[in-house]
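Data block below; observations after.
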Amino acid sequence: MIRTLKYSGVVLATALLASAAASASDELLKMQDNADEWVMPTGNYANHRYSELDQINRDNVGDLNVAWTFSTGVLRGHEGGPLIIGDVMYVHTPFPNIVYALDLNDSGRIIWKYEPKQDPDTIPVMCCDTVNRGVAYGDGKIILHQADTTVVALNAETGAVEWKVANGDPKVGETGTSAPMVVKDKVMIGISGGEFGVRGSMTAYNLADGSRAWRAYSMGPDSDILVDPEKTTHLGEPVGKDSGMNTWEGDQWKIGGGTTWGWYAYDPELDLIYYGTGNPSTWNPSQRPGDNRWSMAIFARNPDTGMAKWVYQMTPHDEWDFDGVNEMILSDQEVGGEMRKLLVHFDRNGFGYSMDRETGQLLIAEKFDPVVNWATHVDLKTGRPQVVSKYSTAQNGEDVNTTGICPAALGTKDQQPAAFSPKSGLHYVPTNHVCMDYEPFRVSYTAGQPYVGATLSMYPPEGSDHMGNFIAWDATKGEIVWSNKEKFSVWSGALATAGDVVFYGTLEGFLKAVDAKTGEELYKFKTPSGIIGNVTTYMHGGKQYIAVLSGVGGWAGIGLAAGLTDPNAGLGAVGGYAALSNYTALGGQLTVFAVD
Amino acid sequence: MKLRQPWTLMFVLPLLSWSVATHSGEAQSVEIARSEDGKYFDKDDNPVYKIDEDGTVDWFTYSGFRRYHSECHVCHGPDALGSSFAPGLTESLKTMDYEGFMEVVINGREKIGASENSKMPSFGLNRNVICYLDDIYVYVKARSDDALPRGRPKKKEAKTDATREYENSCLED
């Protein structure tokens, strides 16, 4: 009885709080236009990673110097980057997911530090390192999405916990790596665990109190995936009844993957959020016949209700682990003589997609690395990639090693976010230039255990001496404008600025600045560890700064630490390709640059 | 000693061969005491790899290569060489024996402290691992002894019916 009374008290307080909450995205829409600050991980709701600041520009970027540094005290892979709000910088770390508030007026003095207590059992269920891609800001709160899936709202001024909620259960392999996104009075939270048979979902929590507003699964009954069979469309056609179940055999959809660990976008005019879903589980395609909808898909959803307006599946019946989670970049550009509200997406599968983000119509799908070979092209009417049989791990079947597939499972691009400059009209894309052999085989499912079912080995494309490219892409034509070779995969998020400079980090640890028009290298500096973080800029005290996290790790650190071998080079070729471990070692550090 | 392979005669003392890394790659450095249904054992009756001079590996070493690169390599890196996330097992097995390997895989281990946050999970309930424990062990052992080069073994002995039966019963239990 006492318990019931207590509980109803909480509900009442919650209701009052919710009604008092203003729309955080009105605040954020204003804040994202203030170039002095960096208020969300990808710069703005359109995921541009672009800044109007031009104090650092192509003429003086060569004079860039280190202004100050900060050690995070954590050794694991550091993805994401800091937020800058007012005079405070918010820095996050991988597991144990520390958040620091640093005082920009006082040499980065620590104003507050938050370190959650998490069960170490979470560590090994995080496929490919204990990364975290950053915190979000909204309505005076810093939102942290912990490894153990706990979502916690911290008072931005004091670091005090305002609320927390568990989004999933690490005991069944559900983990948190993605950055939250605050939209209106809600915060969007994704989930990781595609290699553990997790059923992916996007969940909206009320920013005021952490209560759940809606959850949309990637597969399952219509009521679970929040689609309207008549009104939700796939390339203009209604998806029909049970679209999240009728391309699965039996109950496989219950452990179907389609996790949502990438970056999310929001268009305030259309009032739609956009995000991608990951691979279907397992990696062995023979164990899950059918298109496996809606894994590998782009969703456009109403942020208030979660209801999907449209969905597009890029890679039906995945056979290569080409997760569709990479960011959606929203721009207004002319395609074929017509102004379009574009959604541009560089998928793991090697195709750069330009879509109409209002209707979900597919306009352009072209390879953004010429070596991509698993499909000849994407049929723009049906949306289906035309798979090359030789590279089909499903057609070749279980226990057969399919060789020479490009790209490798880490994709032509992984989560490392691209930048878009409205000034140049170009996208700047960090890419991987790696191919693979892939052999699927039968696996059994145990909750909380890896559910992979394929052996793969990776190597640079035949005849290539490098494993990454940093490219400029014209999304109105689907063409590469320029391309810079990099020794290793480029696993750092890019930054474009009005100073006509584009920044990115490399796995050896270099921060690089290149000319936005030509790609010419203008500056580089070697930070203490490999960079898998995203470059950020801000203005403080009248001076522009560039900030980036170092700290090698992630999938790149796992796959490339020992170096790759060329299986075609015969015996004795070991070491023919560079081992990342010969270039850099672990260590989390923030490095901040300025021109004196 | 029954099924001693001719190339082991290269070594004067069989015991010494445990600790001696062979010349740059593919040759047997461990003595095989007996075999059963395509599986090989040393004198202590622990499973062991068999690698012929032409690079042909026994089925279990090959199977271990596949299972390692499905279950283990996402932390321990390709070819058991380690990563930024977890140690290289080629090094670990230089000091860890068969029982020690089994113990860690089945029960897991944890190093949590000021400078380290690493945890090896327990795979005791994971059939994709426990049904192939010996396979993974002999593969990693061969890599650790420098008896097997990086990459996919080019040639392998056939999978026996007994192995197939064991696999099916283990996975379906």
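Going through the structure tokens in order, the chains are called A, B, and so on, while each chain numbers its residues from 1 and the ligands are numbered from 1 in the order shown.
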
Set out as JSON lines a contact list for chain A and chain B with a cut-off of 7 Å, giving each residue of chain A that qualifies its closest atom pair and distance in Å to one decimal, counting only C-alpha atoms, ordered by chain and rising residue number.
{"residue": "A:Pro120", "atom": "CA", "partner": "B:Lys119", "partner_atom": "CA", "distance": 6.8}
{"residue": "A:Ile123", "atom": "CA", "partner": "B:Lys119", "partner_atom": "CA", "distance": 6.1}
{"residue": "A:Pro124", "atom": "CA", "partner": "B:Pro121", "partner_atom": "CA", "distance": 5.7}
{"residue": "A:Cys127", "atom": "CA", "partner": "B:Val74", "partner_atom": "CA", "distance": 6.5}
{"residue": "A:Cys128", "atom": "CA", "partner": "B:Val74", "partner_atom": "CA", "distance": 5.7}
{"residue": "A:Asp129", "atom": "CA", "partner": "B:Phe85", "partner_atom": "CA", "distance": 6.0}
{"residue": "A:Val443", "atom": "CA", "partner": "B:Asn128", "partner_atom": "CA", "distance": 6.1}
{"residue": "A:Ser444", "atom": "CA", "partner": "B:Asn128", "partner_atom": "CA", "distance": 6.5}
{"residue": "A:Thr446", "atom": "CA", "partner": "B:Asn126", "partner_atom": "CA", "distance": 6.2}
{"residue": "A:Gln449", "atom": "CA", "partner": "B:Asn126", "partner_atom": "CA", "distance": 6.3}
{"residue": "A:Pro450", "atom": "CA", "partner": "B:Glu71", "partner_atom": "CA", "distance": 6.7}
{"residue": "A:Val452", "atom": "CA", "partner": "B:Ser70", "partner_atom": "CA", "distance": 6.1}
{"residue": "A:Gly453", "atom": "CA", "partner": "B:Ser70", "partner_atom": "CA", "distance": 6.2}
{"residue": "A:Ala454", "atom": "CA", "partner": "B:Ser70", "partner_atom": "CA", "distance": 5.5}
{"residue": "A:Thr455", "atom": "CA", "partner": "B:Ser70", "partner_atom": "CA", "distance": 4.9}
{"residue": "A:Leu456", "atom": "CA", "partner": "B:His69", "partner_atom": "CA", "distance": 6.5}
{"residue": "A:Gly553", "atom": "CA", "partner": "B:Ser84", "partner_atom": "CA", "distance": 5.4}
{"residue": "A:Gly557", "atom": "CA", "partner": "B:Ser84", "partner_atom": "CA", "distance": 5.1}
{"residue": "A:Ile558", "atom": "CA", "partner": "B:Ser83", "partner_atom": "CA", "distance": 4.5}
{"residue": "A:Gly559", "atom": "CA", "partner": "B:Gly77", "partner_atom": "CA", "distance": 5.9}
{"residue": "A:Ala561", "atom": "CA", "partner": "B:Ser83", "partner_atom": "CA", "distance": 5.1}
{"residue": "A:Ala562", "atom": "CA", "partner": "B:Leu81", "partner_atom": "CA", "distance": 6.0}
{"residue": "A:Pro567", "atom": "CA", "partner": "B:Gly151", "partner_atom": "CA", "distance": 6.7}
{"residue": "A:Leu586", "atom": "CA", "partner": "B:Ser84", "partner_atom": "CA", "distance": 6.9}

Save the residues we just selected, N, CA and C atoms, as a PDB file, in the first residue's frame?
ATOM      1  N   PRO A 120      31.104  -4.422 -14.930  1.00  0.00           N
ATOM      2  CA  PRO A 120      32.134  -4.729 -15.932  1.00  0.00           C
ATOM      3  C   PRO A 120      31.697  -5.786 -16.945  1.00  0.00           C
ATOM      4  N   ILE A 123      31.452  -4.805 -20.568  1.00  0.00           N
ATOM      5  CA  ILE A 123      32.600  -4.619 -21.469  1.00  0.00           C
ATOM      6  C   ILE A 123      32.655  -5.662 -22.579  1.00  0.00           C
ATOM      7  N   PRO A 124      32.622  -6.955 -22.231  1.00  0.00           N
ATOM      8  CA  PRO A 124      32.803  -7.936 -23.312  1.00  0.00           C
ATOM      9  C   PRO A 124      31.598  -8.094 -24.245  1.00  0.00           C
ATOM     10  N   CYS A 127      30.697  -5.302 -28.897  1.00  0.00           N
ATOM     11  CA  CYS A 127      31.467  -5.732 -30.058  1.00  0.00           C
ATOM     12  C   CYS A 127      32.398  -4.627 -30.430  1.00  0.00           C
ATOM     13  N   CYS A 128      33.647  -4.906 -30.499  1.00  0.00           N
ATOM     14  CA  CYS A 128      34.561  -3.972 -31.157  1.00  0.00           C
ATOM     15  C   CYS A 128      34.822  -2.728 -30.323  1.00  0.00           C
ATOM     16  N   ASP A 129      35.172  -2.930 -29.100  1.00  0.00           N
ATOM     17  CA  ASP A 129      35.626  -1.856 -28.202  1.00  0.00           C
ATOM     18  C   ASP A 129      34.473  -1.129 -27.508  1.00  0.00           C
ATOM     19  N   VAL A 443      25.444 -21.021 -36.853  1.00  0.00           N
ATOM     20  CA  VAL A 443      25.698 -20.768 -35.433  1.00  0.00           C
ATOM     21  C   VAL A 443      24.393 -20.918 -34.665  1.00  0.00           C
ATOM     22  N   SER A 444      24.548 -21.187 -33.365  1.00  0.00           N
ATOM     23  CA  SER A 444      23.348 -21.257 -32.540  1.00  0.00           C
ATOM     24  C   SER A 444      23.281 -20.002 -31.676  1.00  0.00           C
ATOM     25  N   THR A 446      22.615 -17.957 -28.273  1.00  0.00           N
ATOM     26  CA  THR A 446      22.516 -17.954 -26.814  1.00  0.00           C
ATOM     27  C   THR A 446      22.433 -16.494 -26.391  1.00  0.00           C
ATOM     28  N   GLN A 449      25.440 -13.883 -25.770  1.00  0.00           N
ATOM     29  CA  GLN A 449      26.684 -14.388 -26.358  1.00  0.00           C
ATOM     30  C   GLN A 449      26.787 -13.915 -27.808  1.00  0.00           C
ATOM     31  N   PRO A 450      28.014 -13.805 -28.335  1.00  0.00           N
ATOM     32  CA  PRO A 450      28.158 -13.368 -29.731  1.00  0.00           C
ATOM     33  C   PRO A 450      27.371 -14.285 -30.667  1.00  0.00           C
ATOM     34  N   VAL A 452      27.529 -14.425 -34.404  1.00  0.00           N
ATOM     35  CA  VAL A 452      28.140 -13.871 -35.611  1.00  0.00           C
ATOM     36  C   VAL A 452      27.931 -14.785 -36.809  1.00  0.00           C
ATOM     37  N   GLY A 453      28.591 -15.954 -36.810  1.00  0.00           N
ATOM     38  CA  GLY A 453      28.343 -16.902 -37.889  1.00  0.00           C
ATOM     39  C   GLY A 453      29.037 -16.614 -39.204  1.00  0.00           C
ATOM     40  N   ALA A 454      30.178 -15.976 -39.147  1.00  0.00           N
ATOM     41  CA  ALA A 454      30.984 -15.827 -40.359  1.00  0.00           C
ATOM     42  C   ALA A 454      32.421 -15.581 -39.956  1.00  0.00           C
ATOM     43  N   THR A 455      33.313 -16.080 -40.804  1.00  0.00           N
ATOM     44  CA  THR A 455      34.737 -15.823 -40.640  1.00  0.00           C
ATOM     45  C   THR A 455      35.119 -14.841 -41.718  1.00  0.00           C
ATOM     46  N   LEU A 456      35.854 -13.803 -41.358  1.00  0.00           N
ATOM     47  CA  LEU A 456      36.277 -12.924 -42.431  1.00  0.00           C
ATOM     48  C   LEU A 456      37.697 -12.478 -42.255  1.00  0.00           C
ATOM     49  N   GLY A 553      41.417   2.890 -31.182  1.00  0.00           N
ATOM     50  CA  GLY A 553      40.583   1.777 -30.746  1.00  0.00           C
ATOM     51  C   GLY A 553      39.440   1.582 -31.712  1.00  0.00           C
ATOM     52  N   GLY A 557      40.868  -0.098 -34.554  1.00  0.00           N
ATOM     53  CA  GLY A 557      41.980  -0.513 -33.711  1.00  0.00           C
ATOM     54  C   GLY A 557      42.077  -2.025 -33.607  1.00  0.00           C
ATOM     55  N   ILE A 558      40.927  -2.691 -33.674  1.00  0.00           N
ATOM     56  CA  ILE A 558      40.920  -4.146 -33.581  1.00  0.00           C
ATOM     57  C   ILE A 558      41.358  -4.760 -34.904  1.00  0.00           C
ATOM     58  N   GLY A 559      40.790  -4.258 -35.983  1.00  0.00           N
ATOM     59  CA  GLY A 559      41.063  -4.866 -37.289  1.00  0.00           C
ATOM     60  C   GLY A 559      42.444  -4.548 -37.825  1.00  0.00           C
ATOM     61  N   ALA A 561      45.224  -3.176 -35.942  1.00  0.00           N
ATOM     62  CA  ALA A 561      46.356  -3.095 -35.017  1.00  0.00           C
ATOM     63  C   ALA A 561      47.517  -3.957 -35.486  1.00  0.00           C
ATOM     64  N   ALA A 562      47.192  -5.186 -35.906  1.00  0.00           N
ATOM     65  CA  ALA A 562      48.250  -6.119 -36.271  1.00  0.00           C
ATOM     66  C   ALA A 562      48.673  -5.965 -37.727  1.00  0.00           C
ATOM     67  N   PRO A 567      46.167 -12.059 -48.966  1.00  0.00           N
ATOM     68  CA  PRO A 567      46.112 -13.516 -49.113  1.00  0.00           C
ATOM     69  C   PRO A 567      46.604 -13.969 -50.487  1.00  0.00           C
ATOM     70  N   LEU A 586      47.702   3.174 -27.234  1.00  0.00           N
ATOM     71  CA  LEU A 586      46.486   3.630 -26.572  1.00  0.00           C
ATOM     72  C   LEU A 586      46.673   4.931 -25.798  1.00  0.00           C
TER      73      LEU A 586
END

DSSP on the backbone: which residues in segment 339-467 of chain A end up as alpha helix (DSSP H)? Give the answer as number ranges by chain. A: 393-396

Run DSSP on the backbone of this structure and report the residues of segment 333-575 of chain A it assigns to strand (DSSP E), as a ChimeraX atom specification. /A:333-335,338-346,351-356,361-367,375-378,385-387,402-405,419-421,426-432,435-440,454-459,468-474,479-486,495-497,501-505,510-515,521-526,532-533,536-540,543-550

What lies within 7 Å of segment 497-507 of chain A using only C-alpha atoms, ignoring chain neighbours under 5 positions off, as an MDAnalysis selection string? chainID A and resid 50:58 423 488 490:492 512:516 530:532 535 552

If we count only C-alpha atoms, what is near Gly306 of chain A at a cut-off of 7 Å, once residues fewer than 6 positions away on the same chain are taken out, given as a PyMOL selection string? chain A and resi 214+216+226

Restricted to N, CA and C atoms, what would the selected residues look like written as a PDB file, in the first residue's frame?
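Below you can see part-v2.pdb, which holds the result:
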ATOM      1  N   TRP A 214       7.879   6.761 -26.726  1.00  0.00           N
ATOM      2  CA  TRP A 214       7.592   5.701 -27.706  1.00  0.00           C
ATOM      3  C   TRP A 214       8.838   4.884 -27.996  1.00  0.00           C
ATOM      4  N   ALA A 216      10.220   2.353 -31.312  1.00  0.00           N
ATOM      5  CA  ALA A 216       9.972   1.767 -32.628  1.00  0.00           C
ATOM      6  C   ALA A 216      11.050   0.732 -32.918  1.00  0.00           C
ATOM      7  N   LEU A 226       5.987   0.586 -35.518  1.00  0.00           N
ATOM      8  CA  LEU A 226       5.338   1.883 -35.712  1.00  0.00           C
ATOM      9  C   LEU A 226       5.301   2.301 -37.184  1.00  0.00           C
TER      10      LEU A 226
END

Quick one: everything within 10 Å of Asn167 of chain A, counting only C-alpha atoms, minus sequence neighbours fewer than 3 positions away in the same chain. Send it as a list in words. His145, Gln146, Asp148, Thr149, Thr150, Val151, Lys164, Pro170, Glu174, Thr175, Gly176, Ile189, Gly190, Ile191, Ser201, Met202, Thr203, Ala204, Tyr205 and Arg212 of chain A

Selection export as a PDB file, in the first residue's frame, atoms kept: C-alpha atoms:
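Output saved as part-v4.pdb:
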ATOM      1  CA  HIS A 145      24.039   7.236 -23.016  1.00  0.00           C
ATOM      2  CA  GLN A 146      26.128   4.745 -21.025  1.00  0.00           C
ATOM      3  CA  ASP A 148      25.150  -0.473 -20.027  1.00  0.00           C
ATOM      4  CA  THR A 149      22.292   1.392 -21.878  1.00  0.00           C
ATOM      5  CA  THR A 150      21.471   3.609 -18.902  1.00  0.00           C
ATOM      6  CA  VAL A 151      20.417   7.042 -20.127  1.00  0.00           C
ATOM      7  CA  LYS A 164      18.101   8.058 -15.289  1.00  0.00           C
ATOM      8  CA  PRO A 170      23.455  -5.795 -21.334  1.00  0.00           C
ATOM      9  CA  GLU A 174      22.127  -4.805 -25.526  1.00  0.00           C
ATOM     10  CA  THR A 175      24.614  -1.962 -25.103  1.00  0.00           C
ATOM     11  CA  GLY A 176      24.900   1.778 -25.631  1.00  0.00           C
ATOM     12  CA  ILE A 189      18.197   6.841 -27.944  1.00  0.00           C
ATOM     13  CA  GLY A 190      19.445   4.016 -30.166  1.00  0.00           C
ATOM     14  CA  ILE A 191      20.856   0.627 -29.255  1.00  0.00           C
ATOM     15  CA  SER A 201      14.950  -0.067 -31.778  1.00  0.00           C
ATOM     16  CA  MET A 202      14.765   3.703 -31.528  1.00  0.00           C
ATOM     17  CA  THR A 203      13.302   4.983 -28.276  1.00  0.00           C
ATOM     18  CA  ALA A 204      12.120   8.493 -27.392  1.00  0.00           C
ATOM     19  CA  TYR A 205      12.273   9.552 -23.733  1.00  0.00           C
ATOM     20  CA  ARG A 212       9.376   6.654 -22.233  1.00  0.00           C
TER      21      ARG A 212
END

Could you list, as a ChimeraX atom specification, every residue within 12 Å of Asn46 of chain B, counting only C-alpha atoms and ignoring same-chain residues fewer than 6 positions away? /B:30-35,39-40,97-99,101-102,133-135,137-138,141

Restricting the calculation to only C-alpha atoms, which member of A:Phe346, A:Trp320, A:Trp38, A:Tyr451 is positioned closest to Asp437 of chain A?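 Nearest candidate to Asp437 of chain A out of A:Phe346, A:Trp320, A:Trp38, A:Tyr451: A:Trp320.
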
How many Å lie between atom CA of Met188 of chain A and atom CA of Val548 of chain A, rounded to one decimal?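 Taking atom CA of Met188 of chain A as the start and atom CA of Val548 of chain A as the end point, the length is 24.6 Å.
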
Pairwise distance for atom CA of Val388 of chain A and atom CA of Ser489 of chain A, rounded to one decimal in Å: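 One can read the atom CA of Val388 of chain A to atom CA of Ser489 of chain A distance as 24.9 Å.
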
With only C-alpha atoms as the counted atoms, please give the residues lying no more than 8 Å from Ala142 of chain B, apart from itself and same-chain residues fewer than 4 positions off, as number ranges by chain. B: 49, 61, 138, 146-148

Separating atom CA of Asp318 of chain A from atom CA of Arg348 of chain A, to the nearest tenth of an Å, is a gap of 11.4 Å
